[in-house]
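Content type CSV, N, CA, C and O atoms, from the file upload.csv:
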chain,number,residue,atom,x,y,z
A,1,MET,N,28.0,67.7,222.4
A,1,MET,CA,28.5,67.1,221.2
A,1,MET,C,27.4,66.0,220.7
A,1,MET,O,26.9,65.3,221.5
A,2,SER,N,27.2,66.0,219.4
A,2,SER,CA,26.2,65.1,218.9
A,2,SER,C,26.7,63.6,219.0
A,2,SER,O,27.9,63.4,219.1
A,3,LYS,N,25.7,62.7,219.1
A,3,LYS,CA,26.0,61.3,219.2
A,3,LYS,C,27.0,60.8,218.1
A,3,LYS,O,27.8,60.0,218.3
A,4,ASN,N,26.7,61.3,216.8
A,4,ASN,CA,27.5,60.9,215.7
A,4,ASN,C,28.5,61.9,215.2
A,4,ASN,O,29.0,61.9,214.1
A,5,GLY,N,28.9,62.8,216.1
A,5,GLY,CA,29.9,63.8,215.8
A,5,GLY,C,31.3,63.3,215.6
A,5,GLY,O,31.6,62.2,216.1
A,6,ILE,N,32.1,64.0,214.9
A,6,ILE,CA,33.5,63.6,214.7
A,6,ILE,C,34.2,64.0,216.0
A,6,ILE,O,34.2,65.1,216.4
A,7,VAL,N,34.9,63.0,216.5
A,7,VAL,CA,35.7,63.2,217.8
A,7,VAL,C,36.9,64.1,217.6
A,7,VAL,O,37.2,64.9,218.4
A,8,VAL,N,37.6,63.9,216.5
A,8,VAL,CA,38.8,64.6,216.1
A,8,VAL,C,38.5,65.5,214.9
A,8,VAL,O,38.5,65.0,213.8
A,9,PRO,N,38.2,66.8,215.1
A,9,PRO,CA,37.8,67.6,214.0
A,9,PRO,C,38.8,67.7,212.9
A,9,PRO,O,38.4,67.8,211.7
A,10,GLU,N,40.1,67.5,213.2
A,10,GLU,CA,41.1,67.6,212.2
A,10,GLU,C,41.0,66.4,211.2
A,10,GLU,O,41.6,66.4,210.1
A,11,ALA,N,40.3,65.4,211.6
A,11,ALA,CA,40.1,64.2,210.7
A,11,ALA,C,39.0,64.3,209.7
A,11,ALA,O,38.9,63.5,208.8
A,12,LYS,N,38.2,65.4,209.8
A,12,LYS,CA,37.1,65.5,208.9
A,12,LYS,C,37.5,65.5,207.4
A,12,LYS,O,36.8,64.8,206.6
A,13,GLU,N,38.5,66.2,207.0
A,13,GLU,CA,38.9,66.2,205.6
A,13,GLU,C,39.4,64.8,205.2
A,13,GLU,O,39.1,64.3,204.1
A,14,ALA,N,40.1,64.1,206.0
A,14,ALA,CA,40.6,62.7,205.7
A,14,ALA,C,39.4,61.8,205.5
A,14,ALA,O,39.4,60.9,204.7
A,15,LEU,N,38.4,61.9,206.4
A,15,LEU,CA,37.2,61.1,206.3
A,15,LEU,C,36.5,61.3,205.0
A,15,LEU,O,36.0,60.4,204.4
A,16,GLU,N,36.4,62.6,204.6
A,16,GLU,CA,35.7,62.9,203.3
A,16,GLU,C,36.5,62.2,202.2
A,16,GLU,O,35.8,61.7,201.3
A,17,ARG,N,37.8,62.3,202.2
A,17,ARG,CA,38.6,61.7,201.1
A,17,ARG,C,38.4,60.2,201.1
A,17,ARG,O,38.2,59.6,200.0
A,18,PHE,N,38.4,59.6,202.3
A,18,PHE,CA,38.2,58.2,202.4
A,18,PHE,C,36.8,57.8,201.9
A,18,PHE,O,36.7,56.8,201.2
A,19,LYS,N,35.8,58.5,202.2
A,19,LYS,CA,34.4,58.3,201.7
A,19,LYS,C,34.4,58.3,200.2
A,19,LYS,O,33.8,57.5,199.6
A,20,MET,N,35.0,59.4,199.6
A,20,MET,CA,35.0,59.5,198.2
A,20,MET,C,35.7,58.4,197.5
A,20,MET,O,35.2,57.9,196.5
A,21,GLU,N,36.8,57.9,198.1
A,21,GLU,CA,37.6,56.8,197.5
A,21,GLU,C,36.7,55.5,197.6
A,21,GLU,O,36.7,54.8,196.6
A,22,ALA,N,36.1,55.3,198.7
A,22,ALA,CA,35.3,54.1,198.8
A,22,ALA,C,34.1,54.1,197.9
A,22,ALA,O,33.7,53.1,197.2
A,23,ALA,N,33.5,55.3,197.7
A,23,ALA,CA,32.4,55.4,196.8
A,23,ALA,C,32.8,55.1,195.3
A,23,ALA,O,32.1,54.4,194.6
A,24,SER,N,34.0,55.6,194.9
A,24,SER,CA,34.4,55.4,193.6
A,24,SER,C,34.7,53.9,193.3
A,24,SER,O,34.5,53.4,192.3
A,25,GLU,N,35.2,53.2,194.4
A,25,GLU,CA,35.5,51.8,194.3
A,25,GLU,C,34.3,51.0,194.0
A,25,GLU,O,34.3,49.9,193.4
A,26,VAL,N,33.1,51.4,194.6
A,26,VAL,CA,31.9,50.6,194.4
A,26,VAL,C,31.0,51.2,193.3
A,26,VAL,O,29.9,50.8,193.1
A,27,GLY,N,31.5,52.2,192.6
A,27,GLY,CA,30.8,52.8,191.5
A,27,GLY,C,29.6,53.7,191.8
A,27,GLY,O,28.7,53.9,191.1
A,28,VAL,N,29.7,54.4,193.0
A,28,VAL,CA,28.7,55.4,193.4
A,28,VAL,C,29.3,56.8,193.2
A,28,VAL,O,30.4,57.1,193.7
A,29,ASN,N,28.6,57.6,192.5
A,29,ASN,CA,29.0,59.0,192.2
A,29,ASN,C,28.6,59.9,193.3
A,29,ASN,O,27.4,60.2,193.4
A,30,LEU,N,29.5,60.3,194.2
A,30,LEU,CA,29.2,61.2,195.3
A,30,LEU,C,29.6,62.6,194.8
A,30,LEU,O,30.5,62.8,194.1
A,31,LYS,N,28.8,63.6,195.3
A,31,LYS,CA,29.2,65.0,195.1
A,31,LYS,C,29.5,65.6,196.4
A,31,LYS,O,29.2,65.1,197.5
A,32,GLN,N,30.2,66.7,196.4
A,32,GLN,CA,30.6,67.4,197.6
A,32,GLN,C,29.3,67.9,198.2
A,32,GLN,O,28.4,68.4,197.6
A,33,GLY,N,29.2,67.8,199.5
A,33,GLY,CA,28.0,68.3,200.2
A,33,GLY,C,26.9,67.2,200.4
A,33,GLY,O,27.2,66.0,200.6
A,34,TYR,N,25.7,67.6,200.1
A,34,TYR,CA,24.5,66.8,200.4
A,34,TYR,C,24.4,65.7,199.3
A,34,TYR,O,24.5,66.0,198.1
A,35,ASN,N,24.1,64.5,199.7
A,35,ASN,CA,23.9,63.4,198.8
A,35,ASN,C,22.7,62.6,199.1
A,35,ASN,O,22.6,61.4,199.1
A,36,GLY,N,21.6,63.4,199.5
A,36,GLY,CA,20.4,62.8,199.9
A,36,GLY,C,19.6,62.1,198.8
A,36,GLY,O,18.6,61.4,199.0
A,37,ASP,N,20.1,62.2,197.5
A,37,ASP,CA,19.4,61.6,196.4
A,37,ASP,C,19.9,60.1,196.2
A,37,ASP,O,19.4,59.4,195.3
A,38,LEU,N,20.9,59.7,197.0
A,38,LEU,CA,21.3,58.3,196.9
A,38,LEU,C,20.3,57.3,197.4
A,38,LEU,O,19.5,57.6,198.3
A,39,THR,N,20.3,56.1,196.8
A,39,THR,CA,19.4,55.1,197.3
A,39,THR,C,20.0,54.5,198.6
A,39,THR,O,21.2,54.7,198.8
A,40,SER,N,19.2,53.8,199.3
A,40,SER,CA,19.7,53.1,200.5
A,40,SER,C,20.8,52.1,200.2
A,40,SER,O,21.8,52.0,200.9
A,41,ARG,N,20.6,51.5,199.0
A,41,ARG,CA,21.6,50.5,198.6
A,41,ARG,C,23.0,51.2,198.3
A,41,ARG,O,24.0,50.7,198.6
A,42,GLN,N,22.9,52.3,197.6
A,42,GLN,CA,24.1,53.0,197.3
A,42,GLN,C,24.8,53.5,198.5
A,42,GLN,O,26.1,53.3,198.7
A,43,ALA,N,24.1,54.1,199.4
A,43,ALA,CA,24.7,54.6,200.7
A,43,ALA,C,25.3,53.5,201.5
A,43,ALA,O,26.4,53.6,202.0
A,44,GLY,N,24.5,52.4,201.5
A,44,GLY,CA,25.0,51.2,202.3
A,44,GLY,C,26.3,50.6,201.7
A,44,GLY,O,27.2,50.1,202.4
A,45,SER,N,26.3,50.6,200.4
A,45,SER,CA,27.5,50.0,199.7
A,45,SER,C,28.8,50.9,200.0
A,45,SER,O,29.9,50.3,200.2
A,46,VAL,N,28.6,52.2,200.1
A,46,VAL,CA,29.7,53.1,200.4
A,46,VAL,C,30.2,52.8,201.8
A,46,VAL,O,31.3,52.6,202.1
A,47,GLY,N,29.2,52.8,202.8
A,47,GLY,CA,29.5,52.5,204.2
A,47,GLY,C,30.2,51.2,204.4
A,47,GLY,O,31.1,51.0,205.1
A,48,GLY,N,29.6,50.2,203.7
A,48,GLY,CA,30.2,48.8,203.8
A,48,GLY,C,31.6,48.7,203.3
A,48,GLY,O,32.4,48.1,203.8
A,49,GLN,N,31.9,49.4,202.2
A,49,GLN,CA,33.2,49.5,201.6
A,49,GLN,C,34.2,50.1,202.6
A,49,GLN,O,35.3,49.7,202.8
A,50,MET,N,33.7,51.2,203.2
A,50,MET,CA,34.6,51.9,204.2
A,50,MET,C,34.9,51.0,205.4
A,50,MET,O,36.1,50.9,205.8
A,51,VAL,N,33.9,50.2,205.9
A,51,VAL,CA,34.2,49.3,207.0
A,51,VAL,C,35.1,48.2,206.6
A,51,VAL,O,36.0,47.8,207.3
A,52,LYS,N,34.9,47.7,205.3
A,52,LYS,CA,35.8,46.6,204.8
A,52,LYS,C,37.2,47.1,204.8
A,52,LYS,O,38.1,46.4,205.2
A,53,LYS,N,37.4,48.3,204.3
A,53,LYS,CA,38.8,48.8,204.2
A,53,LYS,C,39.4,49.1,205.6
A,53,LYS,O,40.6,48.8,205.8
A,54,MET,N,38.6,49.5,206.5
A,54,MET,CA,39.1,49.7,207.9
A,54,MET,C,39.5,48.4,208.6
A,54,MET,O,40.5,48.3,209.2
A,55,ILE,N,38.7,47.4,208.3
A,55,ILE,CA,39.0,46.1,208.9
A,55,ILE,C,40.3,45.5,208.3
A,55,ILE,O,41.2,45.0,209.0
A,56,GLU,N,40.4,45.7,207.0
A,56,GLU,CA,41.6,45.2,206.3
A,56,GLU,C,42.9,45.9,206.8
A,56,GLU,O,43.9,45.3,207.0
A,57,SER,N,42.7,47.2,207.0
A,57,SER,CA,43.9,48.0,207.5
A,57,SER,C,44.2,47.5,209.0
A,57,SER,O,45.4,47.4,209.3
A,58,TYR,N,43.2,47.3,209.8
A,58,TYR,CA,43.5,46.9,211.2
A,58,TYR,C,44.2,45.5,211.2
A,58,TYR,O,45.1,45.3,211.9
A,59,GLU,N,43.7,44.6,210.4
A,59,GLU,CA,44.2,43.3,210.3
A,59,GLU,C,45.7,43.3,209.8
A,59,GLU,O,46.6,42.6,210.3
A,60,LYS,N,46.0,44.2,208.8
A,60,LYS,CA,47.3,44.3,208.3
A,60,LYS,C,48.3,44.8,209.4
A,60,LYS,O,49.4,44.4,209.5
A,61,ASN,N,47.8,45.7,210.2
A,61,ASN,CA,48.6,46.3,211.3
A,61,ASN,C,48.8,45.3,212.5
A,61,ASN,O,49.7,45.6,213.3
A,62,LEU,N,48.0,44.3,212.5
A,62,LEU,CA,48.2,43.3,213.6
A,62,LEU,C,49.4,42.4,213.4
A,62,LEU,O,50.0,41.9,214.3
A,63,LYS,N,49.8,42.3,212.1
A,63,LYS,CA,50.9,41.3,211.8
A,63,LYS,C,52.2,41.9,212.1
A,63,LYS,O,52.5,43.0,212.2

Show me the file's structure as structure tokens.
Amino acid sequence: MSKNGIVVPEAKEALERFKMEAASEVGVNLKQGYNGDLTSRQAGSVGGQMVKKMIESYEKNLK
């Protein structure tokens, strides 16, 4: 298994939806499949938004 592989294959579709949702929230237009034409800033903003939402969800579940 690759270092960055998905541990639960059934989660792949949910992760794709989550990524698309985060991208739309920060104004980055992602397309299905390869998105190698994104700038580092755009890709980073999508990843950052995903992490932010995961932390918010975790904190909400702590209460």

May I ask for the distance between atom C of Gln42 of chain A and atom O of Phe18 of chain A, given in Å to one decimal place?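 Between atom C of Gln42 of chain A and atom O of Phe18 of chain A the gap works out to 12.6 Å.
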
Taking the backbone alone, and naming residues the way the document does, which bits of segment 3-56 of chain A are alpha helix (DSSP H) by DSSP, as number ranges by chain? A: 12-25, 40-56

Report the distance between atom N of Lys19 of chain A and atom CA of Glu59 of chain A in Å, rounded to one decimal place. 19.2 Å

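Going from atom CA of Met20 of chain A over to atom CA of Gln49 of chain A, you cover 10.7 Å.
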
Quick one: everything within 12 Å of Leu15 of chain A, counting only C-alpha atoms, minus sequence neighbours fewer than 6 positions away in the same chain. Send it as number ranges by chain. A: 6-9, 21-22, 47, 50, 54
